[in-house]
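K.L.:
Hey, dropping query.txt in here, compact mmCIF, C-alpha atoms:
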```txt
# COMPACT_ATOMS: atom_id res chain seq x y z
CA MET S 1 -19.65 -6.11 8.84
CA ALA S 2 -17.62 -4.34 6.17
CA PRO S 3 -15.65 -6.60 3.81
CA GLN S 4 -11.99 -6.97 4.71
CA GLN S 5 -9.35 -5.80 2.27
CA GLN S 6 -7.11 -8.56 0.96
CA GLU S 7 -3.37 -8.37 1.56
CA ILE S 8 -1.51 -6.37 -1.10
CA GLU S 9 0.36 -9.46 -2.29
CA ILE S 10 -2.97 -11.17 -2.98
CA ILE S 11 -4.39 -8.12 -4.77
CA LEU S 12 -1.33 -7.85 -7.00
CA ALA S 13 -1.33 -11.59 -7.69
CA ARG S 14 -4.93 -11.41 -8.85
CA GLN S 15 -4.21 -8.40 -11.02
CA LEU S 16 -1.28 -10.18 -12.63
CA ALA S 17 -3.34 -13.33 -13.15
CA SER S 18 -6.09 -11.40 -14.86
CA TYR S 19 -3.61 -10.36 -17.57
CA LEU S 20 -2.08 -13.79 -18.16
CA ALA S 21 -2.99 -16.35 -20.79
CA THR S 22 -1.59 -19.00 -18.46
CA PRO S 23 -4.29 -20.56 -16.27
CA VAL S 24 -3.87 -19.31 -12.70
CA PHE S 25 -5.65 -20.40 -9.51
CA LEU S 26 -5.22 -18.21 -6.40
CA VAL S 27 -6.01 -19.23 -2.85
CA ALA S 28 -5.79 -17.58 0.58
CA ARG S 29 -3.59 -18.84 3.40
CA ASP S 30 -6.41 -21.06 4.65
CA GLY S 31 -6.89 -22.54 1.19
CA THR S 32 -10.00 -20.58 0.28
CA LEU S 33 -10.28 -20.03 -3.46
CA LEU S 34 -10.01 -16.30 -4.15
CA PHE S 35 -9.74 -16.16 -7.91
CA TYR S 36 -9.02 -18.00 -11.11
CA ASN S 37 -8.46 -16.26 -14.41
CA GLU S 38 -10.13 -16.55 -17.79
CA ALA S 39 -7.54 -19.01 -19.04
CA ALA S 40 -8.34 -21.26 -16.09
CA GLU S 41 -12.06 -20.96 -16.77
CA THR S 42 -11.71 -22.85 -20.04
CA ILE S 43 -10.11 -25.80 -18.23
CA LEU S 44 -12.30 -25.70 -15.14
CA GLY S 45 -15.44 -25.37 -17.24
CA ARG S 46 -17.03 -22.53 -15.31
CA ARG S 47 -16.56 -18.78 -15.05
CA PHE S 48 -15.12 -17.55 -11.78
CA THR S 49 -18.03 -15.18 -11.36
CA GLU S 50 -20.29 -18.25 -11.26
CA THR S 51 -18.08 -20.08 -8.78
CA GLY S 52 -17.08 -17.39 -6.32
CA ALA S 53 -15.06 -18.05 -3.18
CA LEU S 54 -14.91 -21.71 -2.15
CA SER S 55 -13.28 -23.43 0.79
CA MET S 56 -10.48 -25.89 0.06
CA GLU S 57 -12.84 -28.82 0.69
CA GLU S 58 -15.37 -27.34 -1.70
CA TRP S 59 -13.00 -26.64 -4.56
CA SER S 60 -11.13 -29.93 -4.27
CA ALA S 61 -14.48 -31.72 -4.43
CA ALA S 62 -15.73 -29.51 -7.26
CA TRP S 63 -13.06 -30.61 -9.72
CA THR S 64 -12.33 -34.04 -8.24
CA PRO S 65 -8.59 -34.45 -8.82
CA THR S 66 -7.83 -38.06 -9.67
CA ASP S 67 -4.95 -40.20 -10.83
CA ALA S 68 -4.78 -41.88 -14.23
CA ALA S 69 -6.93 -44.75 -13.02
CA GLY S 70 -9.63 -42.40 -11.77
CA SER S 71 -8.91 -42.84 -8.06
CA PRO S 72 -9.29 -39.65 -6.02
CA LEU S 73 -6.02 -37.91 -5.26
CA PRO S 74 -5.24 -37.61 -1.54
CA SER S 75 -5.70 -33.95 -0.69
CA ASP S 76 -2.21 -33.71 0.79
CA SER S 77 -0.68 -34.51 -2.58
CA ILE S 78 -2.35 -31.61 -4.39
CA PRO S 79 0.36 -29.02 -5.21
CA LEU S 80 -1.55 -26.08 -3.73
CA VAL S 81 -2.05 -27.93 -0.46
CA ILE S 82 1.66 -28.75 -0.30
CA ALA S 83 2.62 -25.15 -1.13
CA LEU S 84 0.50 -23.86 1.74
CA ARG S 85 1.48 -26.57 4.20
CA ASP S 86 5.22 -26.71 3.51
CA ARG S 87 5.77 -23.19 2.16
CA CYS S 88 7.60 -24.59 -0.83
CA PRO S 89 6.88 -25.06 -4.55
CA ALA S 90 5.17 -28.27 -5.57
CA THR S 91 4.41 -29.91 -8.89
CA ALA S 92 2.16 -32.76 -9.95
CA ASP S 93 0.19 -34.00 -12.91
CA PHE S 94 -3.29 -35.37 -12.43
CA TRP S 95 -6.75 -35.42 -13.93
CA ILE S 96 -9.67 -33.12 -13.16
CA THR S 97 -13.23 -33.08 -14.37
CA GLY S 98 -14.45 -29.65 -15.33
CA HIS S 99 -17.98 -28.39 -14.83
CA ASP S 100 -18.45 -28.96 -18.55
CA GLY S 101 -18.08 -32.70 -17.81
CA VAL S 102 -14.76 -33.04 -19.64
CA ARG S 103 -11.97 -34.95 -17.92
CA ARG S 104 -8.61 -33.31 -18.51
CA HIS S 105 -5.03 -34.29 -17.75
CA ILE S 106 -3.20 -31.29 -16.28
CA ASP S 107 0.23 -30.27 -15.04
CA ALA S 108 0.03 -28.03 -11.97
CA HIS S 109 2.81 -26.00 -10.43
CA ALA S 110 2.06 -24.27 -7.13
CA PHE S 111 4.10 -21.88 -5.04
CA PRO S 112 3.44 -20.09 -1.76
CA LEU S 113 3.02 -16.32 -1.50
CA VAL S 114 5.14 -15.17 1.42
CA GLY S 115 5.09 -11.45 2.13
CA ILE S 116 8.03 -9.23 3.06
CA ALA S 117 7.26 -9.69 6.73
CA GLY S 118 7.70 -13.42 6.25
CA SER S 119 4.05 -14.28 6.67
CA LEU S 120 2.25 -16.67 4.38
CA VAL S 121 -0.60 -14.87 2.66
CA GLY S 122 -1.71 -17.51 0.17
CA ALA S 123 -0.60 -19.61 -2.76
CA VAL S 124 -0.82 -19.64 -6.53
CA ALA S 125 -1.08 -22.56 -8.94
CA LEU S 126 -0.25 -22.30 -12.62
CA PHE S 127 -1.53 -25.21 -14.64
CA TRP S 128 -1.73 -26.48 -18.19
CA GLU S 129 -3.69 -29.12 -19.96
CA LYS S 130 -1.23 -31.79 -21.02
CA SER S 131 -1.20 -32.60 -24.68
CA ALA S 132 -2.18 -36.16 -25.48
CA MET H 133 -5.68 15.83 17.25
CA ARG H 134 -3.90 18.48 15.21
CA VAL H 135 -2.69 17.71 11.71
CA THR H 136 -0.20 20.08 10.08
CA VAL H 137 0.94 19.88 6.48
CA TRP H 138 4.62 20.77 5.97
CA GLY H 139 5.33 19.33 2.54
CA THR H 140 2.93 18.45 -0.27
CA ARG H 141 5.09 18.03 -3.34
CA GLY H 142 6.00 14.76 -5.02
CA SER H 143 9.24 13.60 -6.55
CA ILE H 144 11.41 16.71 -6.09
CA ALA H 145 11.17 19.98 -4.18
CA THR H 146 9.90 22.84 -6.33
CA PRO H 147 10.46 26.14 -4.55
CA GLY H 148 9.54 29.40 -6.25
CA PRO H 149 6.78 31.92 -6.72
CA GLN H 150 4.81 29.56 -8.95
CA THR H 151 4.36 27.10 -6.09
CA ALA H 152 4.02 29.45 -3.12
CA ARG H 153 0.34 28.74 -2.50
CA TYR H 154 0.44 24.94 -2.27
CA GLY H 155 4.12 24.64 -1.43
CA GLY H 156 7.28 23.26 -2.94
CA ASN H 157 8.52 21.06 -0.10
CA THR H 158 8.31 17.30 -0.45
CA ALA H 159 6.18 15.08 1.75
CA CYS H 160 5.84 15.75 5.46
CA VAL H 161 2.83 15.88 7.77
CA THR H 162 2.72 16.02 11.56
CA VAL H 163 0.03 14.75 13.89
CA GLU H 164 -0.13 15.96 17.48
CA GLY H 165 -2.31 14.16 19.97
CA GLU H 166 -4.26 15.86 22.72
CA GLY H 167 -1.81 14.46 25.26
CA GLY H 168 1.21 15.87 23.46
CA THR H 169 2.19 12.81 21.44
CA PHE H 170 4.10 13.93 18.36
CA VAL H 171 4.01 11.85 15.20
CA VAL H 172 5.74 12.82 11.96
CA LEU H 173 4.79 11.25 8.65
CA ASP H 174 7.65 11.17 6.15
CA ALA H 175 10.85 13.19 6.04
CA GLY H 176 10.73 15.07 2.77
CA THR H 177 12.15 18.57 2.66
CA GLY H 178 9.14 19.74 4.69
CA VAL H 179 10.48 17.92 7.75
CA ARG H 180 13.03 20.66 8.41
CA LEU H 181 10.34 23.19 9.27
CA ALA H 182 8.26 20.55 11.02
CA GLY H 183 11.19 19.71 13.25
CA ALA H 184 11.89 23.32 14.04
CA ALA H 185 8.32 23.68 15.31
CA VAL H 186 8.54 20.82 17.81
CA PRO H 187 7.90 22.24 21.30
CA HIS H 188 10.71 21.82 23.83
CA SER H 189 8.24 20.05 26.08
CA VAL H 190 8.21 17.14 23.62
CA LYS H 191 10.71 14.48 24.65
CA ARG H 192 9.82 11.79 22.15
CA ILE H 193 9.09 11.94 18.44
CA ASP H 194 7.92 9.06 16.27
CA LEU H 195 8.78 9.48 12.60
CA PHE H 196 7.01 7.09 10.24
CA LEU H 197 8.49 6.69 6.77
CA THR H 198 6.14 5.35 4.12
CA HIS H 199 9.12 4.28 2.01
CA LEU H 200 12.68 5.27 1.28
CA HIS H 201 12.40 7.08 -2.04
CA MET H 202 14.45 10.26 -1.80
CA ASP H 203 11.55 12.70 -1.74
CA HIS H 204 10.40 11.04 1.49
CA ILE H 205 13.73 10.89 3.35
CA ILE H 206 15.87 13.70 1.96
CA GLY H 207 15.02 16.01 4.84
CA LEU H 208 16.04 13.52 7.50
CA GLY H 209 19.57 14.83 7.83
CA PHE H 210 18.18 18.31 8.42
CA PHE H 211 15.57 17.32 10.99
CA PRO H 212 16.37 19.63 13.95
CA PRO H 213 15.21 17.18 16.66
CA LEU H 214 18.10 14.90 15.73
CA GLN H 215 20.37 17.58 17.19
CA ARG H 216 18.64 17.54 20.57
CA PRO H 217 20.33 15.19 23.08
CA ASP H 218 17.25 15.28 25.31
CA LEU H 219 15.05 13.72 22.63
CA GLU H 220 14.16 10.16 21.77
CA VAL H 221 13.53 9.84 18.04
CA HIS H 222 11.92 6.62 16.91
CA ILE H 223 12.10 6.07 13.16
CA TRP H 224 9.66 3.55 11.74
CA GLY H 225 10.10 2.32 8.18
CA PRO H 226 9.00 -0.49 5.91
CA LYS H 227 10.52 -3.90 6.19
CA ALA H 228 12.12 -4.96 2.91
CA ALA H 229 13.72 -8.06 1.49
CA GLY H 230 16.83 -6.17 0.38
CA GLY H 231 18.44 -5.27 3.70
CA ASP H 232 17.44 -3.90 7.08
CA LEU H 233 16.19 -0.36 7.63
CA LYS H 234 19.46 0.84 9.13
CA THR H 235 21.47 -0.33 6.14
CA ARG H 236 19.05 1.17 3.67
CA LEU H 237 18.86 4.56 5.45
CA ASN H 238 22.62 4.68 5.80
CA ARG H 239 23.01 4.52 2.05
CA TYR H 240 21.89 8.15 2.15
CA LEU H 241 23.00 9.17 5.65
CA SER H 242 26.69 8.47 5.20
CA PRO H 243 29.55 9.91 3.13
CA PRO H 244 29.78 10.72 0.33
CA LEU H 245 26.08 11.57 0.11
CA PHE H 246 25.82 13.08 3.61
CA PRO H 247 28.54 14.05 6.10
CA VAL H 248 26.85 12.88 9.31
CA ARG H 249 25.91 9.31 10.09
CA LEU H 250 22.68 8.57 11.89
CA ARG H 251 24.61 6.90 14.71
CA ASP H 252 26.51 10.17 15.35
CA VAL H 253 23.56 12.52 15.92
CA PRO H 254 22.97 13.74 19.53
CA ALA H 255 19.38 12.47 19.80
CA ALA H 256 18.71 8.91 20.94
CA VAL H 257 17.61 7.30 17.69
CA THR H 258 15.87 3.94 17.56
CA LEU H 259 14.92 2.27 14.30
CA HIS H 260 11.89 0.03 13.89
CA GLU H 261 10.99 -2.07 10.86
CA ILE H 262 7.30 -2.59 10.29
CA ALA H 263 4.99 -4.29 7.83
CA ALA H 264 1.25 -4.56 8.49
CA ALA H 265 1.12 -3.40 12.09
CA GLU H 266 -0.71 -1.48 14.77
CA VAL H 267 1.51 0.61 17.03
CA ALA H 268 0.32 2.51 20.10
CA ILE H 269 2.17 5.82 20.46
CA GLY H 270 0.89 7.59 23.53
CA GLU H 271 -2.77 8.37 22.97
CA LEU H 272 -2.48 7.73 19.22
CA LYS H 273 -2.63 4.47 17.32
CA VAL H 274 -0.71 4.14 14.06
CA THR H 275 -1.78 1.40 11.68
CA SER H 276 0.38 0.47 8.70
CA SER H 277 -0.21 -1.62 5.62
CA PHE H 278 1.76 -2.25 2.44
CA VAL H 279 0.25 -0.56 -0.60
CA THR H 280 0.75 -0.54 -4.35
CA HIS H 281 3.91 1.42 -5.13
CA PRO H 282 7.30 0.36 -6.53
CA ASP H 283 9.62 -0.86 -3.77
CA PRO H 284 8.03 -1.65 -0.42
CA ALA H 285 5.83 1.25 0.60
CA LEU H 286 3.44 1.64 3.50
CA GLY H 287 0.32 3.65 4.06
CA PHE H 288 -0.46 4.92 7.56
CA ARG H 289 -3.60 5.60 9.54
CA VAL H 290 -3.19 7.71 12.65
CA ALA H 291 -6.13 7.54 15.03
CA SER H 292 -7.12 9.02 18.33
CA LYS H 293 -10.07 7.61 20.24
CA ARG H 294 -12.48 9.61 18.12
CA ARG H 295 -10.74 10.70 14.93
CA ALA H 296 -8.51 9.29 12.24
CA ILE H 297 -6.44 10.51 9.34
CA ALA H 298 -5.18 8.31 6.52
CA TYR H 299 -1.90 9.05 4.79
CA LEU H 300 -1.25 7.45 1.41
CA PRO H 301 1.14 9.83 -0.31
CA ASP H 302 2.49 7.40 -2.91
CA HIS H 303 -0.15 4.99 -4.06
CA GLU H 304 -1.36 3.52 -7.33
CA PRO H 305 -4.33 1.37 -6.37
CA ALA H 306 -5.67 1.38 -9.93
CA LEU H 307 -2.63 -0.41 -11.31
CA GLY H 308 -3.77 -3.51 -13.14
CA ALA H 309 -7.36 -3.21 -11.96
CA ARG H 310 -9.85 -4.08 -14.70
CA GLU H 311 -12.36 -1.84 -12.95
CA PHE H 312 -11.50 0.88 -10.49
CA PRO H 313 -12.32 1.04 -7.73
CA ALA H 314 -12.70 -2.70 -7.46
CA GLY H 315 -14.60 -2.75 -4.18
CA PRO H 316 -13.19 -2.67 -0.67
CA THR H 317 -11.87 -6.25 -0.71
CA TRP H 318 -9.71 -5.84 -3.81
CA THR H 319 -8.49 -2.25 -3.47
CA SER H 320 -5.01 -1.52 -2.12
CA GLY H 321 -5.06 0.93 0.77
CA HIS H 322 -8.75 0.57 1.59
CA ARG H 323 -8.00 -0.82 5.05
CA ILE H 324 -6.00 2.32 5.86
CA ALA H 325 -8.46 4.82 4.45
CA ALA H 326 -11.87 3.38 5.31
CA GLY H 327 -13.99 5.91 7.14
CA ALA H 328 -11.12 8.29 7.93
CA ASP H 329 -12.01 11.88 8.74
CA VAL H 330 -9.23 13.12 6.46
CA LEU H 331 -7.40 11.30 3.68
CA LEU H 332 -4.18 12.68 2.23
CA HIS H 333 -3.84 10.77 -1.02
CA ASP H 334 -1.48 10.63 -3.95
CA SER H 335 -3.03 12.75 -6.72
CA GLN H 336 0.01 13.47 -8.81
CA TYR H 337 -1.41 13.27 -12.30
CA THR H 338 -4.22 14.38 -14.51
CA ALA H 339 -6.01 11.54 -16.27
CA SER H 340 -4.04 12.10 -19.47
CA GLU H 341 -0.72 12.30 -17.63
CA TYR H 342 -1.51 9.03 -15.88
CA GLU H 343 -1.99 7.24 -19.20
CA GLU H 344 1.68 7.89 -19.95
CA ARG H 345 2.90 6.94 -16.46
CA VAL H 346 1.08 3.73 -15.62
CA GLY H 347 3.14 1.71 -13.16
CA TRP H 348 5.13 4.65 -11.83
CA GLY H 349 3.38 4.25 -8.50
CA HIS H 350 1.09 7.28 -8.48
CA SER H 351 -2.55 8.08 -9.02
CA SER H 352 -4.52 10.42 -11.17
CA ILE H 353 -6.80 12.89 -9.47
CA ASP H 354 -9.85 11.04 -10.81
CA GLN H 355 -8.60 7.81 -9.27
CA SER H 356 -7.93 9.58 -5.99
CA VAL H 357 -11.49 10.87 -5.87
CA ALA H 358 -12.90 7.44 -6.73
CA PHE H 359 -10.74 5.83 -4.04
CA ALA H 360 -11.86 8.39 -1.44
CA ARG H 361 -15.52 7.90 -2.29
CA GLN H 362 -15.28 4.16 -1.97
CA ALA H 363 -13.46 4.52 1.36
CA GLY H 364 -16.15 6.85 2.67
CA VAL H 365 -13.75 9.48 3.98
CA GLY H 366 -14.90 12.85 5.24
CA GLU H 367 -12.34 14.95 3.43
CA LEU H 368 -9.89 14.23 0.63
CA MET H 369 -6.73 16.29 0.38
CA LEU H 370 -5.01 15.89 -2.96
CA PHE H 371 -1.36 15.25 -2.14
CA HIS H 372 2.02 14.60 -3.78
CA HIS H 373 1.56 17.37 -6.32
CA ASP H 374 3.46 16.88 -9.55
CA PRO H 375 6.57 19.10 -9.79
CA SER H 376 5.36 20.43 -13.15
CA HIS H 377 2.05 21.66 -11.72
CA ASP H 378 2.14 25.28 -10.62
CA ASP H 379 -0.35 26.87 -8.23
CA ALA H 380 -2.80 27.85 -10.95
CA THR H 381 -2.81 24.32 -12.35
CA ILE H 382 -3.32 22.73 -8.95
CA ALA H 383 -6.13 25.14 -8.11
CA ALA H 384 -7.92 24.29 -11.34
CA LEU H 385 -7.42 20.55 -10.82
CA ALA H 386 -8.69 20.77 -7.24
CA GLU H 387 -11.78 22.66 -8.37
CA ASP H 388 -12.49 19.99 -10.95
CA ALA H 389 -11.90 17.24 -8.39
CA ALA H 390 -14.30 18.87 -5.94
CA GLU H 391 -16.98 18.89 -8.63
CA ARG H 392 -16.40 15.21 -9.37
CA ALA H 393 -16.47 14.30 -5.69
CA GLY H 394 -19.76 16.10 -5.20
CA SER H 395 -21.16 16.54 -1.74
CA GLU H 396 -20.05 13.09 -0.57
CA VAL H 397 -16.40 13.97 -0.02
CA MET H 398 -15.07 17.45 0.71
CA THR H 399 -12.06 17.83 -1.59
CA SER H 400 -9.18 20.27 -1.65
CA ALA H 401 -5.53 20.41 -2.63
CA ALA H 402 -3.09 19.98 0.24
CA ALA H 403 -1.24 23.21 0.98
CA GLU H 404 1.82 23.76 3.10
CA GLY H 405 0.99 25.36 6.40
CA ARG H 406 -2.56 24.08 6.56
CA VAL H 407 -3.57 23.02 10.05
CA ILE H 408 -6.55 20.75 10.62
CA GLU H 409 -8.00 20.43 14.10
CA LEU H 410 -9.93 17.20 14.51
```
As structure tokens, please, write out the structure in this file.
P.N.:
Amino acid sequence: MAPQQQEIEIILARQLASYLATPVFLVARDGTLLFYNEAAETILGRRFTETGALSMEEWSAAWTPTDAAGSPLPSDSIPLVIALRDRCPATADFWITGHDGVRRHIDAHAFPLVGIAGSLVGAVALFWEKSA
Amino acid sequence: MRVTVWGTRGSIATPGPQTARYGGNTACVTVEGEGGTFVVLDAGTGVRLAGAAVPHSVKRIDLFLTHLHMDHIIGLGFFPPLQRPDLEVHIWGPKAAGGDLKTRLNRYLSPPLFPVRLRDVPAAVTLHEIAAAEVAIGELKVTSSFVTHPDPALGFRVASKRRAIAYLPDHEPALGAREFPAGPTWTSGHRIAAGADVLLHDSQYTASEYEERVGWGHSSIDQSVAFARQAGVGELMLFHHDPSHDDATIAALAEDAAERAGSEVMTSAAAEGRVIEL
């Protein structure tokens, strides 16, 4: 079966992300990871070309979001999950462990991508490593 | 299915002896189904002649507007079928965040820019807003999808049971792409064009002209050829000719494009009056 073209909003979001120095993480409406940019690669510890598309369960397990004490974050408190579920922006700070084994404290800000027709096509998270 | 090209020019009409071969009218193409279904794509200045050629047996016309830039709607007020009280005219245009289709069209079709309002024409006009959609019009199916172009713009695919044409007159799929084409999944417009028998595609610029107009919403001829090859179309018609390109320039560019496309994709420059029977 021929690959399906992504929605234009998703294509443009990826193109924008690829030019930004801000780490960006882009997911489809069902939460599937579609892309993260080079700036995100340094925090996530792996190149996107090595990761590829991952389901929401796979990517949330891959970077194990935790609170300050190291307890796993409930998935419904992850900003991207909230943005997709509630169609509204969401912000949180938490810790992730990159594939390089480094645990990092990050601020993440997610927002839904809603097309002109009013349909949800995905969500984007911008995130930063918090300074100590 | 019969496809007729009535307007090929981009941006502004360019009548005159220097453009007689490929035409000076702005975008308009008609598609007639075997059962008499009549679809019009865009209402540039070419739509006046297209409308005059509508047979009296036709009682319904569906006019699909890719977007509302002036070169794609300026002929609407001069579309002869709007003066026929026995006709239903359905106008389909892109949904947008900044107002409904009626409001946006009326910015042009009302004084002081135009003396007649759409609501006052004799034909029975119905407006439809669409985004990504599939619409059955008689024996034809029209598929729409938003594509890369400033302001909301659609591409259309018109298909019969056996044949399909793709119409992407204003399209810059290479914008922001690190590599182009980027594969079917990540290329704007691919869904519309894939496997079409004929693709009419934005080919406004030479490669050097494009370098100075990135983000203006149009493609270079090289990009158009690359897009067509990836989409696996049968024939590429270079469309939306730049107003500064005369017939000799377009002929030379089309010859070069055909060489680049090789035997995979038959390539030519769209010319007013061309009829394609599919």
K.L.:
Show me a table, sorted first by chain and then by increasing residue number, of the residues of chain H having an atom at most 10 Å from chain S, each with its shortest atom pair and the distance in Å to one decimal, counting only C-alpha atoms and written as a Markdown table.
P.N.:
```
| residue | atom | partner | partner_atom | distance |
| --- | --- | --- | --- | --- |
| H:Pro226 | CA | S:Ile116 | CA | 9.2 |
| H:Lys227 | CA | S:Ile116 | CA | 6.7 |
| H:Ala228 | CA | S:Ile116 | CA | 5.9 |
| H:Ala229 | CA | S:Ile116 | CA | 6.0 |
| H:Gly230 | CA | S:Ile116 | CA | 9.7 |
| H:Glu261 | CA | S:Ala117 | CA | 9.4 |
| H:Ile262 | CA | S:Ala117 | CA | 7.9 |
| H:Ala263 | CA | S:Ala117 | CA | 6.0 |
| H:Ala264 | CA | S:Ala117 | CA | 8.1 |
| H:Ser277 | CA | S:Ile8 | CA | 8.3 |
| H:Phe278 | CA | S:Ile8 | CA | 6.3 |
| H:Val279 | CA | S:Ile8 | CA | 6.1 |
| H:Thr280 | CA | S:Ile8 | CA | 7.0 |
| H:Pro284 | CA | S:Ile116 | CA | 8.3 |
| H:Pro305 | CA | S:Ile11 | CA | 9.6 |
| H:Ala306 | CA | S:Gln15 | CA | 9.9 |
| H:Leu307 | CA | S:Gln15 | CA | 8.1 |
| H:Gly308 | CA | S:Gln15 | CA | 5.3 |
| H:Ala309 | CA | S:Gln15 | CA | 6.1 |
| H:Arg310 | CA | S:Gln15 | CA | 8.0 |
| H:Gly315 | CA | S:Gln5 | CA | 8.9 |
| H:Pro316 | CA | S:Gln5 | CA | 5.8 |
| H:Thr317 | CA | S:Gln5 | CA | 3.9 |
| H:Trp318 | CA | S:Ile11 | CA | 5.9 |
| H:Thr319 | CA | S:Gln5 | CA | 6.8 |
| H:Ser320 | CA | S:Ile8 | CA | 6.1 |
| H:Gly321 | CA | S:Gln5 | CA | 8.1 |
| H:His322 | CA | S:Gln5 | CA | 6.4 |
| H:Arg323 | CA | S:Gln5 | CA | 5.9 |
| H:Ile324 | CA | S:Gln5 | CA | 9.5 |
| H:Ala326 | CA | S:Ala2 | CA | 9.7 |
```
K.L.:
Residues near Val24 of chain S, anyone? I mean within 12 Å using only C-alpha atoms, not counting same-chain ones fewer than 4 positions away, as a PDB file with C-alpha atoms, in the coordinates of the input.
P.N.:
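Wrote result_10.pdb, looks like this:
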```pdb
ATOM      1  CA  ALA S  13      -1.330 -11.590  -7.690  1.00  0.00           C
ATOM      2  CA  ARG S  14      -4.930 -11.410  -8.850  1.00  0.00           C
ATOM      3  CA  GLN S  15      -4.210  -8.400 -11.020  1.00  0.00           C
ATOM      4  CA  LEU S  16      -1.280 -10.180 -12.630  1.00  0.00           C
ATOM      5  CA  ALA S  17      -3.340 -13.330 -13.150  1.00  0.00           C
ATOM      6  CA  SER S  18      -6.090 -11.400 -14.860  1.00  0.00           C
ATOM      7  CA  TYR S  19      -3.610 -10.360 -17.570  1.00  0.00           C
ATOM      8  CA  LEU S  20      -2.080 -13.790 -18.160  1.00  0.00           C
ATOM      9  CA  LEU S  33     -10.280 -20.030  -3.460  1.00  0.00           C
ATOM     10  CA  LEU S  34     -10.010 -16.300  -4.150  1.00  0.00           C
ATOM     11  CA  PHE S  35      -9.740 -16.160  -7.910  1.00  0.00           C
ATOM     12  CA  TYR S  36      -9.020 -18.000 -11.110  1.00  0.00           C
ATOM     13  CA  ASN S  37      -8.460 -16.260 -14.410  1.00  0.00           C
ATOM     14  CA  GLU S  38     -10.130 -16.550 -17.790  1.00  0.00           C
ATOM     15  CA  ALA S  39      -7.540 -19.010 -19.040  1.00  0.00           C
ATOM     16  CA  ALA S  40      -8.340 -21.260 -16.090  1.00  0.00           C
ATOM     17  CA  GLU S  41     -12.060 -20.960 -16.770  1.00  0.00           C
ATOM     18  CA  THR S  42     -11.710 -22.850 -20.040  1.00  0.00           C
ATOM     19  CA  ILE S  43     -10.110 -25.800 -18.230  1.00  0.00           C
ATOM     20  CA  LEU S  44     -12.300 -25.700 -15.140  1.00  0.00           C
ATOM     21  CA  PHE S  48     -15.120 -17.550 -11.780  1.00  0.00           C
ATOM     22  CA  LEU S  80      -1.550 -26.080  -3.730  1.00  0.00           C
ATOM     23  CA  ASP S 107       0.230 -30.270 -15.040  1.00  0.00           C
ATOM     24  CA  ALA S 108       0.030 -28.030 -11.970  1.00  0.00           C
ATOM     25  CA  HIS S 109       2.810 -26.000 -10.430  1.00  0.00           C
ATOM     26  CA  ALA S 110       2.060 -24.270  -7.130  1.00  0.00           C
ATOM     27  CA  PHE S 111       4.100 -21.880  -5.040  1.00  0.00           C
ATOM     28  CA  ALA S 123      -0.600 -19.610  -2.760  1.00  0.00           C
ATOM     29  CA  VAL S 124      -0.820 -19.640  -6.530  1.00  0.00           C
ATOM     30  CA  ALA S 125      -1.080 -22.560  -8.940  1.00  0.00           C
ATOM     31  CA  LEU S 126      -0.250 -22.300 -12.620  1.00  0.00           C
ATOM     32  CA  PHE S 127      -1.530 -25.210 -14.640  1.00  0.00           C
ATOM     33  CA  TRP S 128      -1.730 -26.480 -18.190  1.00  0.00           C
TER      34      TRP S 128
END
```
K.L.:
Mind pulling up the distance from atom CA of Gly139 of chain H to atom CA of Ile408 of chain H?
P.N.:
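Calculated distance between atom CA of Ile408 of chain H and atom CA of Gly139 of chain H is 14.4 Å.
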K.L.:
Within 9 Å of segment 184-186 of chain H, counting all atoms listed in the file, which residues qualify if same-chain residues fewer than 6 places away don't, as an mmCIF file with C-alpha atoms, in the coordinates of the input?
P.N.:
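Once written, selection.cif looks like this:
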```cif
data_model
loop_
_atom_site.group_PDB
_atom_site.id
_atom_site.type_symbol
_atom_site.label_atom_id
_atom_site.label_comp_id
_atom_site.auth_asym_id
_atom_site.auth_seq_id
_atom_site.Cartn_x
_atom_site.Cartn_y
_atom_site.Cartn_z
ATOM 1 C CA PHE H 170 4.100 13.930 18.360
ATOM 2 C CA ILE H 193 9.090 11.940 18.440
ATOM 3 C CA PHE H 211 15.570 17.320 10.990
ATOM 4 C CA PRO H 212 16.370 19.630 13.950
ATOM 5 C CA PRO H 213 15.210 17.180 16.660
#
```
K.L.:
If we draw a sphere of 12 Å around (-1.7, 13.7, 28.6), which residues have at least one atom in it when counting all atoms listed in the file? Please report them as a VMD selection string.
P.N.:
chain H and resid 164 to 170 190 269 to 272
K.L.:
With a distance cut-off of 10 Å and only C-alpha atoms, select the neighbouring residues of Gly70 of chain S, excluding the residue or stretch itself and same-chain residues fewer than 6 positions from it, and output the selection as a ChimeraX atom specification.
P.N.:
/S:64,94-96,103
K.L.:
Could you please give me, as a ChimeraX atom specification, the residues of protein, DNA or RNA lying at most 12 Å from (-16.2, 18.6, -9.9) in the coordinate frame of the file, considering all atoms listed in the file?
P.N.:
/H:353-354,357,384-400
K.L.:
Draw an axis-aligned box tight on the listed atoms of segment 355-363 of chain H, then pad every side by 4 Å and write out centre and edge lengths in Å to one decimal as AutoDock Vina command-line options.
P.N.:
```
--center_x -11.7 --center_y 7.5 --center_z -4.0 --size_x 15.6 --size_y 14.7 --size_z 18.6
```
K.L.:
Restricting the calculation to all atoms listed in the file, which member of H:Ala298, H:Leu233, H:Val135, H:Met369 is positioned closest to Thr258 of chain H?
P.N.:
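For Thr258 of chain H, the nearest of the candidates is H:Leu233.
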K.L.:
Quick one: residues within 7 Å of Gly122 of chain S, only C-alpha atoms, excluding same-chain residues fewer than 6 positions away - as a list of chain:residue names?
P.N.:
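Selected residues are S:Val27, S:Ala28, S:Arg29, S:Leu84, S:Pro112, S:Leu113.
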